[in-house]
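Here is the file upload_33.cif (mmCIF, N, CA and C atoms).
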```
data_entry
#
loop_
_atom_site.label_atom_id
_atom_site.label_comp_id
_atom_site.auth_asym_id
_atom_site.auth_seq_id
_atom_site.Cartn_x
_atom_site.Cartn_y
_atom_site.Cartn_z
N MET C 1 109.69 155.31 80.83
CA MET C 1 109.51 155.94 82.11
C MET C 1 108.15 155.53 82.72
N PHE C 2 107.09 155.55 81.90
CA PHE C 2 105.77 155.17 82.41
C PHE C 2 105.73 153.70 82.79
N PHE C 3 106.44 152.88 82.05
CA PHE C 3 106.49 151.46 82.37
C PHE C 3 107.16 151.25 83.73
N CYS C 4 108.22 151.98 84.00
CA CYS C 4 108.90 151.88 85.30
C CYS C 4 107.97 152.33 86.44
N ILE C 5 107.19 153.37 86.20
CA ILE C 5 106.22 153.81 87.21
C ILE C 5 105.18 152.73 87.45
N PHE C 6 104.70 152.10 86.38
CA PHE C 6 103.72 151.03 86.51
C PHE C 6 104.27 149.86 87.31
N VAL C 7 105.49 149.43 87.00
CA VAL C 7 106.10 148.30 87.70
C VAL C 7 106.34 148.65 89.17
N SER C 8 106.80 149.86 89.43
CA SER C 8 107.02 150.25 90.83
C SER C 8 105.70 150.30 91.60
N CYS C 9 104.62 150.75 90.97
CA CYS C 9 103.31 150.73 91.64
C CYS C 9 102.85 149.30 91.91
N ALA C 10 103.11 148.40 90.97
CA ALA C 10 102.75 147.00 91.17
C ALA C 10 103.53 146.39 92.33
N ILE C 11 104.79 146.74 92.44
CA ILE C 11 105.61 146.21 93.54
C ILE C 11 105.13 146.76 94.88
N VAL C 12 104.83 148.05 94.94
CA VAL C 12 104.32 148.65 96.18
C VAL C 12 102.99 147.99 96.56
N PHE C 13 102.11 147.78 95.57
CA PHE C 13 100.83 147.12 95.83
C PHE C 13 101.07 145.71 96.36
N HIS C 14 101.99 144.98 95.76
CA HIS C 14 102.28 143.60 96.18
C HIS C 14 102.80 143.58 97.62
N VAL C 15 103.68 144.48 97.95
CA VAL C 15 104.22 144.53 99.32
C VAL C 15 103.12 144.85 100.31
N ARG C 16 102.26 145.80 99.97
CA ARG C 16 101.19 146.17 100.90
C ARG C 16 100.16 145.06 101.05
N VAL C 17 99.83 144.37 99.97
CA VAL C 17 98.85 143.29 100.04
C VAL C 17 99.43 142.07 100.74
N SER C 18 100.73 141.91 100.73
CA SER C 18 101.36 140.78 101.39
C SER C 18 101.36 140.92 102.91
N ASN C 19 101.00 142.07 103.43
CA ASN C 19 100.88 142.27 104.86
C ASN C 19 99.87 141.25 105.41
N VAL C 20 100.17 140.67 106.55
CA VAL C 20 99.36 139.59 107.12
C VAL C 20 97.91 140.02 107.32
N HIS C 21 97.68 141.21 107.79
CA HIS C 21 96.33 141.67 108.08
C HIS C 21 95.53 141.86 106.79
N ILE C 22 96.16 142.37 105.78
CA ILE C 22 95.45 142.60 104.52
C ILE C 22 95.31 141.30 103.73
N ALA C 23 96.30 140.42 103.81
CA ALA C 23 96.27 139.17 103.05
C ALA C 23 95.07 138.31 103.44
N ARG C 24 94.64 138.40 104.66
CA ARG C 24 93.47 137.61 105.10
C ARG C 24 92.18 138.08 104.45
N THR C 25 92.13 139.34 104.04
CA THR C 25 90.90 139.88 103.45
C THR C 25 90.79 139.63 101.96
N VAL C 26 91.88 139.20 101.32
CA VAL C 26 91.87 138.97 99.88
C VAL C 26 91.24 137.61 99.59
N ASP C 27 90.33 137.58 98.64
CA ASP C 27 89.65 136.34 98.26
C ASP C 27 90.66 135.37 97.63
N PRO C 28 90.79 134.14 98.14
CA PRO C 28 91.76 133.18 97.59
C PRO C 28 91.46 132.78 96.15
N LYS C 29 90.20 132.91 95.73
CA LYS C 29 89.85 132.59 94.35
C LYS C 29 90.50 133.55 93.36
N LEU C 30 90.89 134.70 93.85
CA LEU C 30 91.51 135.71 93.00
C LEU C 30 92.90 135.29 92.52
N ARG C 31 93.59 134.46 93.33
CA ARG C 31 94.96 134.01 93.02
C ARG C 31 95.86 135.22 92.71
N LEU C 32 95.82 136.17 93.62
CA LEU C 32 96.54 137.42 93.44
C LEU C 32 98.05 137.22 93.35
N GLN C 33 98.61 136.34 94.16
CA GLN C 33 100.06 136.12 94.15
C GLN C 33 100.52 135.61 92.78
N SER C 34 99.83 134.63 92.24
CA SER C 34 100.24 134.08 90.95
C SER C 34 100.06 135.10 89.82
N MET C 35 99.02 135.90 89.91
CA MET C 35 98.82 136.93 88.90
C MET C 35 99.92 137.99 88.95
N LEU C 36 100.31 138.36 90.16
CA LEU C 36 101.36 139.36 90.28
C LEU C 36 102.70 138.81 89.80
N PHE C 37 103.00 137.56 90.11
CA PHE C 37 104.25 136.99 89.62
C PHE C 37 104.23 136.84 88.10
N SER C 38 103.08 136.55 87.53
CA SER C 38 102.96 136.52 86.07
C SER C 38 103.17 137.91 85.49
N LEU C 39 102.65 138.92 86.17
CA LEU C 39 102.86 140.30 85.75
C LEU C 39 104.34 140.65 85.77
N TYR C 40 105.04 140.21 86.82
CA TYR C 40 106.48 140.49 86.90
C TYR C 40 107.23 139.79 85.78
N LEU C 41 106.88 138.55 85.50
CA LEU C 41 107.55 137.81 84.43
C LEU C 41 107.31 138.47 83.07
N CYS C 42 106.08 138.88 82.82
CA CYS C 42 105.78 139.59 81.57
C CYS C 42 106.52 140.92 81.49
N SER C 43 106.65 141.59 82.62
CA SER C 43 107.40 142.85 82.65
C SER C 43 108.87 142.63 82.32
N ILE C 44 109.43 141.55 82.82
CA ILE C 44 110.83 141.24 82.50
C ILE C 44 110.99 140.98 81.00
N LEU C 45 110.04 140.29 80.41
CA LEU C 45 110.11 140.03 78.98
C LEU C 45 109.99 141.32 78.17
N ILE C 46 109.16 142.24 78.64
CA ILE C 46 109.05 143.53 77.96
C ILE C 46 110.35 144.30 78.07
N VAL C 47 111.00 144.25 79.23
CA VAL C 47 112.28 144.94 79.40
C VAL C 47 113.34 144.33 78.48
N VAL C 48 113.33 143.00 78.34
CA VAL C 48 114.28 142.35 77.43
C VAL C 48 114.08 142.85 76.01
N ARG C 49 112.84 142.94 75.59
CA ARG C 49 112.57 143.42 74.23
C ARG C 49 112.99 144.89 74.08
N ASN C 50 112.76 145.70 75.10
CA ASN C 50 113.18 147.10 75.03
C ASN C 50 114.69 147.23 74.96
N ILE C 51 115.41 146.39 75.68
CA ILE C 51 116.88 146.40 75.60
C ILE C 51 117.32 146.05 74.19
N TYR C 52 116.67 145.05 73.60
CA TYR C 52 116.99 144.68 72.22
C TYR C 52 116.75 145.86 71.27
N LEU C 53 115.64 146.58 71.45
CA LEU C 53 115.35 147.70 70.58
C LEU C 53 116.36 148.83 70.75
N VAL C 54 116.83 149.04 71.98
CA VAL C 54 117.85 150.07 72.20
C VAL C 54 119.16 149.67 71.50
N ILE C 55 119.53 148.39 71.61
CA ILE C 55 120.74 147.92 70.93
C ILE C 55 120.58 148.06 69.43
N GLU C 56 119.42 147.72 68.92
CA GLU C 56 119.16 147.86 67.48
C GLU C 56 119.28 149.31 67.04
N TYR C 57 118.76 150.22 67.84
CA TYR C 57 118.84 151.64 67.51
C TYR C 57 120.28 152.15 67.58
N ARG C 58 121.03 151.71 68.60
CA ARG C 58 122.40 152.19 68.79
C ARG C 58 123.36 151.69 67.70
N THR C 59 123.09 150.52 67.12
CA THR C 59 123.99 150.01 66.08
C THR C 59 123.78 150.71 64.75
N GLY C 60 122.68 151.41 64.59
CA GLY C 60 122.45 152.19 63.39
C GLY C 60 121.96 151.34 62.22
N LYS C 61 121.79 152.02 61.08
CA LYS C 61 121.26 151.35 59.90
C LYS C 61 122.22 150.34 59.30
N SER C 62 123.49 150.49 59.55
CA SER C 62 124.47 149.56 58.99
C SER C 62 124.75 148.38 59.93
N GLY C 63 124.12 148.36 61.09
CA GLY C 63 124.33 147.29 62.05
C GLY C 63 123.68 145.99 61.61
N TYR C 64 124.09 144.93 62.27
CA TYR C 64 123.59 143.59 61.91
C TYR C 64 122.08 143.48 62.13
N LEU C 65 121.60 144.03 63.21
CA LEU C 65 120.18 143.89 63.53
C LEU C 65 119.28 144.65 62.56
N GLN C 66 119.78 145.76 62.01
CA GLN C 66 119.00 146.49 61.02
C GLN C 66 119.09 145.86 59.63
N SER C 67 120.21 145.25 59.33
CA SER C 67 120.38 144.67 57.99
C SER C 67 119.82 143.26 57.88
N HIS C 68 119.51 142.61 58.99
CA HIS C 68 118.91 141.27 58.98
C HIS C 68 117.62 141.31 59.79
N GLU C 69 116.56 140.79 59.21
CA GLU C 69 115.26 140.85 59.88
C GLU C 69 115.00 139.68 60.83
N TRP C 70 115.69 138.58 60.67
CA TRP C 70 115.36 137.37 61.44
C TRP C 70 115.50 137.55 62.94
N PRO C 71 116.50 138.32 63.46
CA PRO C 71 116.56 138.45 64.93
C PRO C 71 115.32 139.16 65.51
N THR C 72 114.83 140.14 64.79
CA THR C 72 113.64 140.85 65.26
C THR C 72 112.44 139.92 65.30
N TYR C 73 112.24 139.18 64.22
CA TYR C 73 111.10 138.25 64.17
C TYR C 73 111.25 137.13 65.19
N ALA C 74 112.45 136.61 65.33
CA ALA C 74 112.66 135.52 66.29
C ALA C 74 112.42 135.99 67.72
N LEU C 75 112.90 137.18 68.04
CA LEU C 75 112.69 137.71 69.38
C LEU C 75 111.21 137.98 69.63
N ASP C 76 110.53 138.59 68.67
CA ASP C 76 109.10 138.87 68.85
C ASP C 76 108.30 137.58 69.00
N VAL C 77 108.57 136.60 68.16
CA VAL C 77 107.84 135.33 68.23
C VAL C 77 108.17 134.61 69.54
N GLY C 78 109.43 134.60 69.94
CA GLY C 78 109.82 133.93 71.17
C GLY C 78 109.17 134.54 72.40
N LEU C 79 109.22 135.86 72.50
CA LEU C 79 108.62 136.53 73.65
C LEU C 79 107.11 136.39 73.66
N MET C 80 106.49 136.51 72.50
CA MET C 80 105.03 136.35 72.45
C MET C 80 104.62 134.92 72.79
N ALA C 81 105.42 133.94 72.39
CA ALA C 81 105.12 132.54 72.73
C ALA C 81 105.20 132.34 74.24
N VAL C 82 106.20 132.91 74.88
CA VAL C 82 106.32 132.79 76.33
C VAL C 82 105.13 133.48 77.02
N LEU C 83 104.76 134.66 76.53
CA LEU C 83 103.61 135.36 77.11
C LEU C 83 102.32 134.56 76.93
N MET C 84 102.16 133.93 75.79
CA MET C 84 100.96 133.11 75.56
C MET C 84 100.94 131.90 76.49
N ILE C 85 102.08 131.31 76.74
CA ILE C 85 102.15 130.16 77.66
C ILE C 85 101.80 130.60 79.08
N ILE C 86 102.30 131.76 79.49
CA ILE C 86 101.96 132.29 80.82
C ILE C 86 100.46 132.52 80.91
N SER C 87 99.89 133.14 79.89
CA SER C 87 98.45 133.40 79.88
C SER C 87 97.66 132.10 79.86
N LEU C 88 98.17 131.09 79.19
CA LEU C 88 97.50 129.80 79.14
C LEU C 88 97.36 129.21 80.54
N PHE C 89 98.39 129.33 81.36
CA PHE C 89 98.31 128.83 82.73
C PHE C 89 97.28 129.59 83.55
N TRP C 90 97.17 130.89 83.31
CA TRP C 90 96.14 131.67 84.00
C TRP C 90 94.76 131.13 83.66
N TYR C 91 94.49 131.01 82.37
CA TYR C 91 93.14 130.67 81.92
C TYR C 91 92.82 129.20 82.13
N LEU C 92 93.80 128.34 82.08
CA LEU C 92 93.53 126.93 82.37
C LEU C 92 93.06 126.74 83.80
N ALA C 93 93.66 127.46 84.72
CA ALA C 93 93.23 127.38 86.12
C ALA C 93 91.80 127.90 86.25
N ASP C 94 91.47 128.97 85.54
CA ASP C 94 90.10 129.50 85.59
C ASP C 94 89.11 128.51 84.99
N ILE C 95 89.47 127.90 83.89
CA ILE C 95 88.58 126.93 83.23
C ILE C 95 88.36 125.72 84.12
N LYS C 96 89.43 125.23 84.75
CA LYS C 96 89.29 124.07 85.65
C LYS C 96 88.38 124.40 86.83
N SER C 97 88.54 125.59 87.40
CA SER C 97 87.70 125.95 88.54
C SER C 97 86.25 126.12 88.12
N LEU C 98 86.01 126.64 86.91
CA LEU C 98 84.64 126.78 86.43
C LEU C 98 84.00 125.42 86.14
N SER C 99 84.79 124.51 85.57
CA SER C 99 84.23 123.21 85.23
C SER C 99 83.94 122.39 86.50
N THR C 100 84.75 122.52 87.54
CA THR C 100 84.46 121.79 88.78
C THR C 100 83.24 122.36 89.47
N ARG C 101 83.02 123.67 89.37
CA ARG C 101 81.82 124.28 89.95
C ARG C 101 80.58 123.88 89.17
N ALA C 102 80.70 123.70 87.85
CA ALA C 102 79.54 123.36 87.02
C ALA C 102 79.06 121.94 87.31
N TYR C 103 79.98 121.03 87.62
CA TYR C 103 79.61 119.66 87.88
C TYR C 103 79.24 119.40 89.33
N SER C 104 79.44 120.38 90.20
CA SER C 104 79.13 120.20 91.63
C SER C 104 77.65 120.32 91.89
#
```

Just give me the structure as structure tokens.
Amino acid sequence: MFFCIFVSCAIVFHVRVSNVHIARTVDPKLRLQSMLFSLYLCSILIVVRNIYLVIEYRTGKSGYLQSHEWPTYALDVGLMAVLMIISLFWYLADIKSLSTRAYS
């Protein structure tokens, strides 16, 4: 429930900041649009994992997901790898901008 409130607040913030008058006041170095889209992508991955956990809970202790550990580990590793790649793009852009400023 709290996660849904957080995502809905992020969407409302994104809609309000996308207004033409407000968008002009946002510093372009902030890269707010790309950060918000990364936030949405990470939120989708969290929802996917939560759906998996609900399915795991609903199948019970005798279900396939409870009796085999590999799907849990594979899903956790896969989602974390995707999140790390998304974060890598964030920080690579920051590092490139810092290095160009240092040599200027």

List as a ChimeraX atom specification: which residues have an atom within 12 Å of (98.3, 137.3, 92.8), counting only C-alpha atoms?
/C:10-11,13-15,17-18,23,26-40,90

Atom N of Leu79 in chain C and CA of Val54 in chain C are how many Å apart?
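Going from atom N of Leu79 in chain C over to CA of Val54 in chain C covers 16.6 Å.
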
Using atom N of Asn19 in chain C and atom N of Leu41 in chain C as the two end points, give the distance in Å to one decimal.
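Distance between the two atoms: 19.2 Å.
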
Among the residues C:Ile55, C:Leu65, C:Met80, C:Val7, the one that comes closest to Ser43 in chain C [using all atoms listed in the file]:
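Checking each of C:Ile55, C:Leu65, C:Met80, C:Val7 against Ser43 in chain C, counting all atoms listed in the file, the winner is C:Val7.
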
Record the distance separating CA of Leu88 in chain C and CA of Thr72 in chain C, expressed in Å with one decimal.
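Going from CA of Leu88 in chain C over to CA of Thr72 in chain C, I get 24.0 Å.
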